[in-house]
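Novice: Dropping a structure here in structure tokens format, bear with me for questions.
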Amino acid sequence: MEELNCLQEACGLFACVACGEWPTNLDVAHIIYLGLVALQHRGQEMAGIVTSKGENKKKFAVHRGVGNVSQVFSEDHLRNLHGNLGIGHTRYSTHGGTEHQNAQPFVVYTLHGLLAVAHNGELVNAKNIRNKILENGVGLSTGSDSELITQILSMPPPEESNHGDFKPEGWIVSSETCVFPSVSAKLHREIEPGEIVQVTKHGIQSIGIVSRPDNKLPAFCIFEYVYFARPDSILEGQMVYMVRKECGRQLALEAAYEADIVSTIPESATPSALGFSEASGIPYAEVLCKNRYVGRTFIQPNPRLRQLAVAKKFGPLSANFRGKIIILIDDSIVRGTTIGAIIKLLKESGAKEVHIRIASPPLHYPCYMGINIPTREELIANELNAEQLAKKLGANSLVYLSVDGLLSAVQRGISNNGKPFGHCTACLTGKYPVELEW
């Protein structure tokens, strides 16, 4: 993607329950730490871990802080996080800011004992829930949606059902499956939308699933496939990498061009570029070498500084494209502040033509479900159409993947065992899956 600071996921979650008695060979705190490291891409502002010995509901071990996972936790911190179960969290704030008190997991005292909660997402009815909690005489100490969920979970639990019958070494729960290989875990199943699952050393139990109106389908965020999820994660029974590759194939069907090579801006759009290459028959070749020791390319105040920032981050592999026509694939365009400098760099390094193909539709609307997207005024697709944007960026042409094409690529490989599936495209179409509170 052309600017890593434009779109951000809300958070990353990871939990682990050891099946044996504590102490155990399964080091829960270190397992959670490794899980959070693998989920670092979902949130870099704060991190936290809470562990427990399970049978003692009056004492939790807690460590939380501001920064990346490796900055927040030392070996001493992990050694002091005793217990045979625990949860971890990496935070990117949409509500509540980056103050230390907003670091998760939250821990509260309830009638049922201590309760620790980690949350990923945004409550669209947060104002209504907040008012109800305050009316019941319960105080709130933060501006986070997650505290509201914590208070809701403090209420008596519903009847249990669907008792699990599996006895492995332990159980983990994660925002993404990309974590599993790093902790030697295997995917058992995905949690259903609206489902509450209880995990103990005795197995897993599905406590219940929130009812949905008869005419409403699930609304899984389609941008998890486009950009947010790691390519090696499994969503809805399919690998994200293969979906991104399918987006590239679909894009080739919709926007082919007679070119010499297909390439990408490293590296999130690489699967789409490979798919485009396979479907079009145009060979894939790398045109940029990424300097992995340079941080984000933040928006610079003038074109000259932007060009220097791009040159610091990317080196042109000019021997691969000098005198050639390039189709350059990216996964999205938000503000358009970096891709123009990349096009200029390629042309100055010998590219004959540069044609931009975007493996997702244009972003037109903000998200109210937990993804941080700039305002409508900041989204360049609301300012310029594709032809105008190509001219402004210095590209020879620019084409986006259609909404129908994206849906087709995403839904083609879903393994849902006959269950209904649906996807939220609100940021692309303005059609929100729920009524918003203002």
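By convention in this document, the chains of the structure tokens carry letters A, B, ... by their order, each chain's residues are numbered from 1, and ligands are numbered from 1 in the order they are shown.
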Which neighbours of Cys11 (chain A) fall inside 7 Å, counting only C-alpha atoms, when residues of the same chain fewer than 5 positions from it are skipped, and could you give them as a VMD selection string?

Specialist: chain A and resid 42 to 43 90 to 92 120

Novice: Among region 161-372 of chain A, which residues does DSSP mark as alpha helix (DSSP H) when it is run on the backbone? Keep the chain and numbering as in the structure and answer as a ChimeraX atom specification.

Specialist: /A:223,240-255,270-280,303-313,339-348

Novice: Emit the selected residues as a PDB file, in the first residue's frame, including C-alpha atoms.

Specialist:
```
ATOM      1  CA  PHE A 223     -10.455  -4.633   3.745  1.00  0.00           C
ATOM      2  CA  VAL A 240      -5.568 -14.163   2.408  1.00  0.00           C
ATOM      3  CA  TYR A 241      -2.623 -14.518   0.012  1.00  0.00           C
ATOM      4  CA  MET A 242      -4.748 -16.488  -2.458  1.00  0.00           C
ATOM      5  CA  VAL A 243      -7.569 -13.944  -2.286  1.00  0.00           C
ATOM      6  CA  ARG A 244      -5.156 -11.113  -3.054  1.00  0.00           C
ATOM      7  CA  LYS A 245      -3.814 -13.137  -5.956  1.00  0.00           C
ATOM      8  CA  GLU A 246      -7.392 -13.622  -7.179  1.00  0.00           C
ATOM      9  CA  CYS A 247      -7.926  -9.844  -6.944  1.00  0.00           C
ATOM     10  CA  GLY A 248      -4.980  -9.440  -9.306  1.00  0.00           C
ATOM     11  CA  ARG A 249      -6.431 -11.966 -11.747  1.00  0.00           C
ATOM     12  CA  GLN A 250      -9.780 -10.181 -11.668  1.00  0.00           C
ATOM     13  CA  LEU A 251      -8.052  -6.836 -12.183  1.00  0.00           C
ATOM     14  CA  ALA A 252      -6.287  -8.215 -15.272  1.00  0.00           C
ATOM     15  CA  LEU A 253      -9.670  -9.226 -16.712  1.00  0.00           C
ATOM     16  CA  GLU A 254     -11.058  -5.747 -16.086  1.00  0.00           C
ATOM     17  CA  ALA A 255      -8.057  -3.566 -16.929  1.00  0.00           C
ATOM     18  CA  THR A 270       2.859  -8.552  -4.474  1.00  0.00           C
ATOM     19  CA  PRO A 271       0.243 -11.375  -4.524  1.00  0.00           C
ATOM     20  CA  SER A 272      -2.085  -9.199  -6.631  1.00  0.00           C
ATOM     21  CA  ALA A 273       0.749  -8.393  -9.032  1.00  0.00           C
ATOM     22  CA  LEU A 274       1.531 -12.098  -9.433  1.00  0.00           C
ATOM     23  CA  GLY A 275      -2.141 -12.833 -10.088  1.00  0.00           C
ATOM     24  CA  PHE A 276      -2.303 -10.042 -12.675  1.00  0.00           C
ATOM     25  CA  SER A 277       0.809 -11.431 -14.347  1.00  0.00           C
ATOM     26  CA  GLU A 278      -0.586 -14.964 -14.520  1.00  0.00           C
ATOM     27  CA  ALA A 279      -3.958 -13.870 -15.914  1.00  0.00           C
ATOM     28  CA  SER A 280      -2.523 -11.414 -18.462  1.00  0.00           C
ATOM     29  CA  PRO A 303       7.264  17.576  -3.735  1.00  0.00           C
ATOM     30  CA  ARG A 304      11.068  17.699  -3.501  1.00  0.00           C
ATOM     31  CA  LEU A 305      11.107  16.358   0.070  1.00  0.00           C
ATOM     32  CA  ARG A 306       8.556  13.685  -0.835  1.00  0.00           C
ATOM     33  CA  GLN A 307      10.780  12.545  -3.700  1.00  0.00           C
ATOM     34  CA  LEU A 308      13.815  12.372  -1.403  1.00  0.00           C
ATOM     35  CA  ALA A 309      11.828  10.370   1.173  1.00  0.00           C
ATOM     36  CA  VAL A 310      10.778   7.850  -1.492  1.00  0.00           C
ATOM     37  CA  ALA A 311      14.338   7.587  -2.823  1.00  0.00           C
ATOM     38  CA  LYS A 312      15.509   6.814   0.716  1.00  0.00           C
ATOM     39  CA  LYS A 313      12.939   4.038   1.077  1.00  0.00           C
ATOM     40  CA  ILE A 339       2.739   6.905  -5.349  1.00  0.00           C
ATOM     41  CA  GLY A 340       3.297   9.984  -7.504  1.00  0.00           C
ATOM     42  CA  ALA A 341       6.884  10.232  -6.275  1.00  0.00           C
ATOM     43  CA  ILE A 342       7.401   6.527  -7.070  1.00  0.00           C
ATOM     44  CA  ILE A 343       6.107   6.994 -10.624  1.00  0.00           C
ATOM     45  CA  LYS A 344       8.495   9.933 -11.073  1.00  0.00           C
ATOM     46  CA  LEU A 345      11.389   7.835  -9.719  1.00  0.00           C
ATOM     47  CA  LEU A 346      10.653   5.006 -12.164  1.00  0.00           C
ATOM     48  CA  LYS A 347      10.388   7.293 -15.182  1.00  0.00           C
ATOM     49  CA  GLU A 348      13.558   9.177 -14.274  1.00  0.00           C
TER      50      GLU A 348
END
```

Novice: Could you give me the residues within region 187-308 of chain A that DSSP places in strand (DSSP E), as a VMD selection string?

Specialist: chain A and resid 195 to 200 203 to 209 220 to 221 234 to 235 238 to 239 261 to 264 288 to 290

Novice: Atoms to include: N, CA, C and O atoms. Write the selected residues as an mmCIF file, in the first residue's frame.

Specialist:
```cif
data_model
loop_
_atom_site.group_PDB
_atom_site.id
_atom_site.type_symbol
_atom_site.label_atom_id
_atom_site.label_comp_id
_atom_site.auth_asym_id
_atom_site.auth_seq_id
_atom_site.Cartn_x
_atom_site.Cartn_y
_atom_site.Cartn_z
ATOM 1 N N GLU A 195 -20.442 -14.604 18.186
ATOM 2 C CA GLU A 195 -20.365 -15.778 19.043
ATOM 3 C C GLU A 195 -19.529 -15.511 20.289
ATOM 4 O O GLU A 195 -18.503 -14.834 20.233
ATOM 5 N N ILE A 196 -19.989 -16.023 21.428
ATOM 6 C CA ILE A 196 -19.222 -15.974 22.671
ATOM 7 C C ILE A 196 -18.705 -17.384 22.947
ATOM 8 O O ILE A 196 -19.485 -18.336 23.030
ATOM 9 N N VAL A 197 -17.385 -17.508 23.046
ATOM 10 C CA VAL A 197 -16.750 -18.806 23.244
ATOM 11 C C VAL A 197 -16.004 -18.795 24.574
ATOM 12 O O VAL A 197 -15.265 -17.850 24.875
ATOM 13 N N GLN A 198 -16.213 -19.816 25.372
ATOM 14 C CA GLN A 198 -15.483 -19.980 26.625
ATOM 15 C C GLN A 198 -14.406 -21.035 26.421
ATOM 16 O O GLN A 198 -14.676 -22.129 25.926
ATOM 17 N N VAL A 199 -13.170 -20.676 26.806
ATOM 18 C CA VAL A 199 -12.041 -21.584 26.670
ATOM 19 C C VAL A 199 -11.470 -21.857 28.051
ATOM 20 O O VAL A 199 -11.107 -20.924 28.775
ATOM 21 N N THR A 200 -11.398 -23.121 28.420
ATOM 22 C CA THR A 200 -10.805 -23.524 29.693
ATOM 23 C C THR A 200 -9.849 -24.678 29.439
ATOM 24 O O THR A 200 -9.734 -25.181 28.307
ATOM 25 N N GLY A 203 -11.431 -27.641 27.681
ATOM 26 C CA GLY A 203 -11.854 -27.600 26.288
ATOM 27 C C GLY A 203 -12.527 -26.286 25.950
ATOM 28 O O GLY A 203 -12.404 -25.291 26.669
ATOM 29 N N ILE A 204 -13.242 -26.287 24.832
ATOM 30 C CA ILE A 204 -13.918 -25.073 24.377
ATOM 31 C C ILE A 204 -15.423 -25.279 24.440
ATOM 32 O O ILE A 204 -15.926 -26.385 24.242
ATOM 33 N N GLN A 205 -16.139 -24.174 24.716
ATOM 34 C CA GLN A 205 -17.589 -24.217 24.788
ATOM 35 C C GLN A 205 -18.143 -22.985 24.084
ATOM 36 O O GLN A 205 -17.695 -21.870 24.319
ATOM 37 N N SER A 206 -19.104 -23.194 23.196
ATOM 38 C CA SER A 206 -19.810 -22.090 22.571
ATOM 39 C C SER A 206 -20.990 -21.731 23.467
ATOM 40 O O SER A 206 -21.955 -22.490 23.591
ATOM 41 N N ILE A 207 -20.899 -20.584 24.120
ATOM 42 C CA ILE A 207 -21.935 -20.182 25.068
ATOM 43 C C ILE A 207 -23.172 -19.659 24.353
ATOM 44 O O ILE A 207 -24.297 -19.832 24.811
ATOM 45 N N GLY A 208 -22.997 -19.038 23.214
ATOM 46 C CA GLY A 208 -24.149 -18.524 22.478
ATOM 47 C C GLY A 208 -23.709 -17.627 21.341
ATOM 48 O O GLY A 208 -22.557 -17.198 21.257
ATOM 49 N N ILE A 209 -24.639 -17.356 20.436
ATOM 50 C CA ILE A 209 -24.401 -16.466 19.299
ATOM 51 C C ILE A 209 -25.476 -15.398 19.300
ATOM 52 O O ILE A 209 -26.674 -15.705 19.411
ATOM 53 N N PHE A 220 -18.491 -9.026 7.352
ATOM 54 C CA PHE A 220 -17.052 -9.102 7.627
ATOM 55 C C PHE A 220 -16.325 -8.027 6.820
ATOM 56 O O PHE A 220 -16.602 -7.832 5.630
ATOM 57 N N CYS A 221 -15.389 -7.329 7.453
ATOM 58 C CA CYS A 221 -14.673 -6.228 6.793
ATOM 59 C C CYS A 221 -13.891 -6.733 5.579
ATOM 60 O O CYS A 221 -12.966 -7.534 5.707
ATOM 61 N N ILE A 234 -5.679 -17.201 7.639
ATOM 62 C CA ILE A 234 -6.867 -17.843 7.078
ATOM 63 C C ILE A 234 -8.092 -17.076 7.545
ATOM 64 O O ILE A 234 -8.302 -16.882 8.741
ATOM 65 N N LEU A 235 -8.909 -16.614 6.612
ATOM 66 C CA LEU A 235 -10.174 -15.950 6.910
ATOM 67 C C LEU A 235 -11.289 -16.660 6.146
ATOM 68 O O LEU A 235 -11.160 -16.888 4.945
ATOM 69 N N GLN A 238 -10.219 -19.527 3.863
ATOM 70 C CA GLN A 238 -9.311 -19.337 2.725
ATOM 71 C C GLN A 238 -8.133 -18.466 3.130
ATOM 72 O O GLN A 238 -8.237 -17.613 4.010
ATOM 73 N N MET A 239 -6.998 -18.706 2.470
ATOM 74 C CA MET A 239 -5.792 -17.945 2.783
ATOM 75 C C MET A 239 -5.855 -16.575 2.126
ATOM 76 O O MET A 239 -6.197 -16.447 0.942
ATOM 77 N N ILE A 261 6.201 -5.540 -18.582
ATOM 78 C CA ILE A 261 6.322 -6.216 -17.294
ATOM 79 C C ILE A 261 5.212 -5.754 -16.347
ATOM 80 O O ILE A 261 4.664 -4.664 -16.484
ATOM 81 N N VAL A 262 4.906 -6.627 -15.392
ATOM 82 C CA VAL A 262 4.009 -6.304 -14.281
ATOM 83 C C VAL A 262 4.858 -6.282 -13.026
ATOM 84 O O VAL A 262 5.718 -7.146 -12.828
ATOM 85 N N SER A 263 4.629 -5.275 -12.168
ATOM 86 C CA SER A 263 5.390 -5.199 -10.926
ATOM 87 C C SER A 263 4.525 -4.597 -9.824
ATOM 88 O O SER A 263 3.324 -4.390 -10.002
ATOM 89 N N THR A 264 5.158 -4.321 -8.689
ATOM 90 C CA THR A 264 4.425 -3.843 -7.523
ATOM 91 C C THR A 264 5.301 -2.937 -6.688
ATOM 92 O O THR A 264 6.522 -2.913 -6.827
ATOM 93 N N LEU A 288 11.472 -2.218 -7.832
ATOM 94 C CA LEU A 288 11.908 -1.437 -6.679
ATOM 95 C C LEU A 288 12.509 -2.359 -5.624
ATOM 96 O O LEU A 288 11.992 -3.436 -5.360
ATOM 97 N N CYS A 289 13.599 -1.910 -5.017
ATOM 98 C CA CYS A 289 14.200 -2.609 -3.888
ATOM 99 C C CYS A 289 13.899 -1.791 -2.635
ATOM 100 O O CYS A 289 14.220 -0.603 -2.571
ATOM 101 N N LYS A 290 13.273 -2.426 -1.651
ATOM 102 C CA LYS A 290 12.853 -1.705 -0.449
ATOM 103 C C LYS A 290 13.940 -1.753 0.609
ATOM 104 O O LYS A 290 14.477 -2.812 0.926
#
```

Novice: Using only C-alpha atoms, find the one residue out of A:Cys427, A:Val399, A:Ile414, A:Ile325 that sits nearest to Leu363 (chain A).

Specialist: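 The answer is A:Cys427, which sits nearest to Leu363 (chain A).
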
Novice: For Val50 (chain A), please output as a VMD selection string all residues within 8 Å (counting only C-alpha atoms; exclusion window: fewer than 2 positions along the same chain).

Specialist: chain A and resid 48 52 60 to 63 81 86 to 88 105 116

Novice: Write out as a ChimeraX atom specification which residues come within 9 Å of Gly350 (chain A) when counting only C-alpha atoms, dropping same-chain ones fewer than 6 positions away.

Specialist: /A:318-319,321-324

Novice: Give me the residues near Ile49 (chain A) as a compact mmCIF listing (two decimals) with C-alpha atoms, in the first residue's frame, where near means some atom within 12 Å (using only C-alpha atoms) and where sequence neighbours in that chain fewer than 6 positions away do not count.

Specialist:
```txt
# COMPACT_ATOMS: atom_id res chain seq x y z
CA GLY A 12 -4.77 -7.38 17.79
CA LEU A 13 -5.96 -10.03 20.25
CA PHE A 14 -4.32 -13.22 21.46
CA ALA A 15 -5.26 -15.65 24.24
CA CYS A 16 -3.86 -18.92 25.55
CA VAL A 28 1.61 -19.12 28.68
CA ALA A 29 3.17 -15.66 29.04
CA HIS A 30 5.86 -16.36 26.44
CA ILE A 31 3.32 -17.94 24.08
CA ILE A 32 1.16 -14.82 24.33
CA TYR A 33 4.21 -12.61 23.79
CA LEU A 34 5.08 -14.47 20.58
CA GLY A 35 1.46 -14.21 19.47
CA LEU A 36 1.42 -10.45 20.01
CA PHE A 60 -4.23 -11.63 38.14
CA ALA A 61 -0.71 -10.85 36.94
CA VAL A 62 -0.76 -7.75 34.74
CA HIS A 63 1.72 -5.81 32.64
CA ARG A 64 0.76 -3.11 30.14
CA GLY A 65 2.56 -0.22 28.53
CA VAL A 69 5.48 -5.43 22.09
CA VAL A 72 6.73 -3.02 26.58
CA PHE A 73 7.89 -6.48 27.69
CA HIS A 77 8.15 -8.94 32.92
CA LEU A 78 7.32 -12.24 31.24
CA ASN A 80 6.51 -12.48 36.53
CA LEU A 81 3.37 -13.16 34.48
CA HIS A 82 2.52 -16.46 36.18
CA GLY A 83 -0.46 -18.59 35.26
CA LEU A 85 -4.16 -18.92 31.08
CA GLY A 86 -4.01 -15.37 29.84
CA ILE A 87 -4.91 -12.79 27.21
CA GLY A 88 -2.86 -10.23 25.33
CA HIS A 89 -3.56 -7.11 23.29
CA THR A 90 -1.80 -4.81 20.82
CA ARG A 91 -3.56 -1.46 20.49
CA ALA A 103 -3.85 0.16 27.52
CA GLN A 104 -5.52 -3.25 27.43
CA PRO A 105 -6.43 -5.83 28.63
CA PHE A 106 -8.74 -4.09 31.13
CA VAL A 107 -9.13 -5.67 34.56
CA ALA A 116 -9.88 -9.21 32.20
CA VAL A 117 -11.03 -8.10 28.74
CA ALA A 118 -9.22 -7.36 25.47
```

Novice: Quick one: distance from CA of Tyr432 (chain A) to CA of Gly370 (chain A) in Å, one decimal?

Specialist: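 Atom-to-atom, CA of Tyr432 (chain A) and CA of Gly370 (chain A) are spaced 12.8 Å apart.
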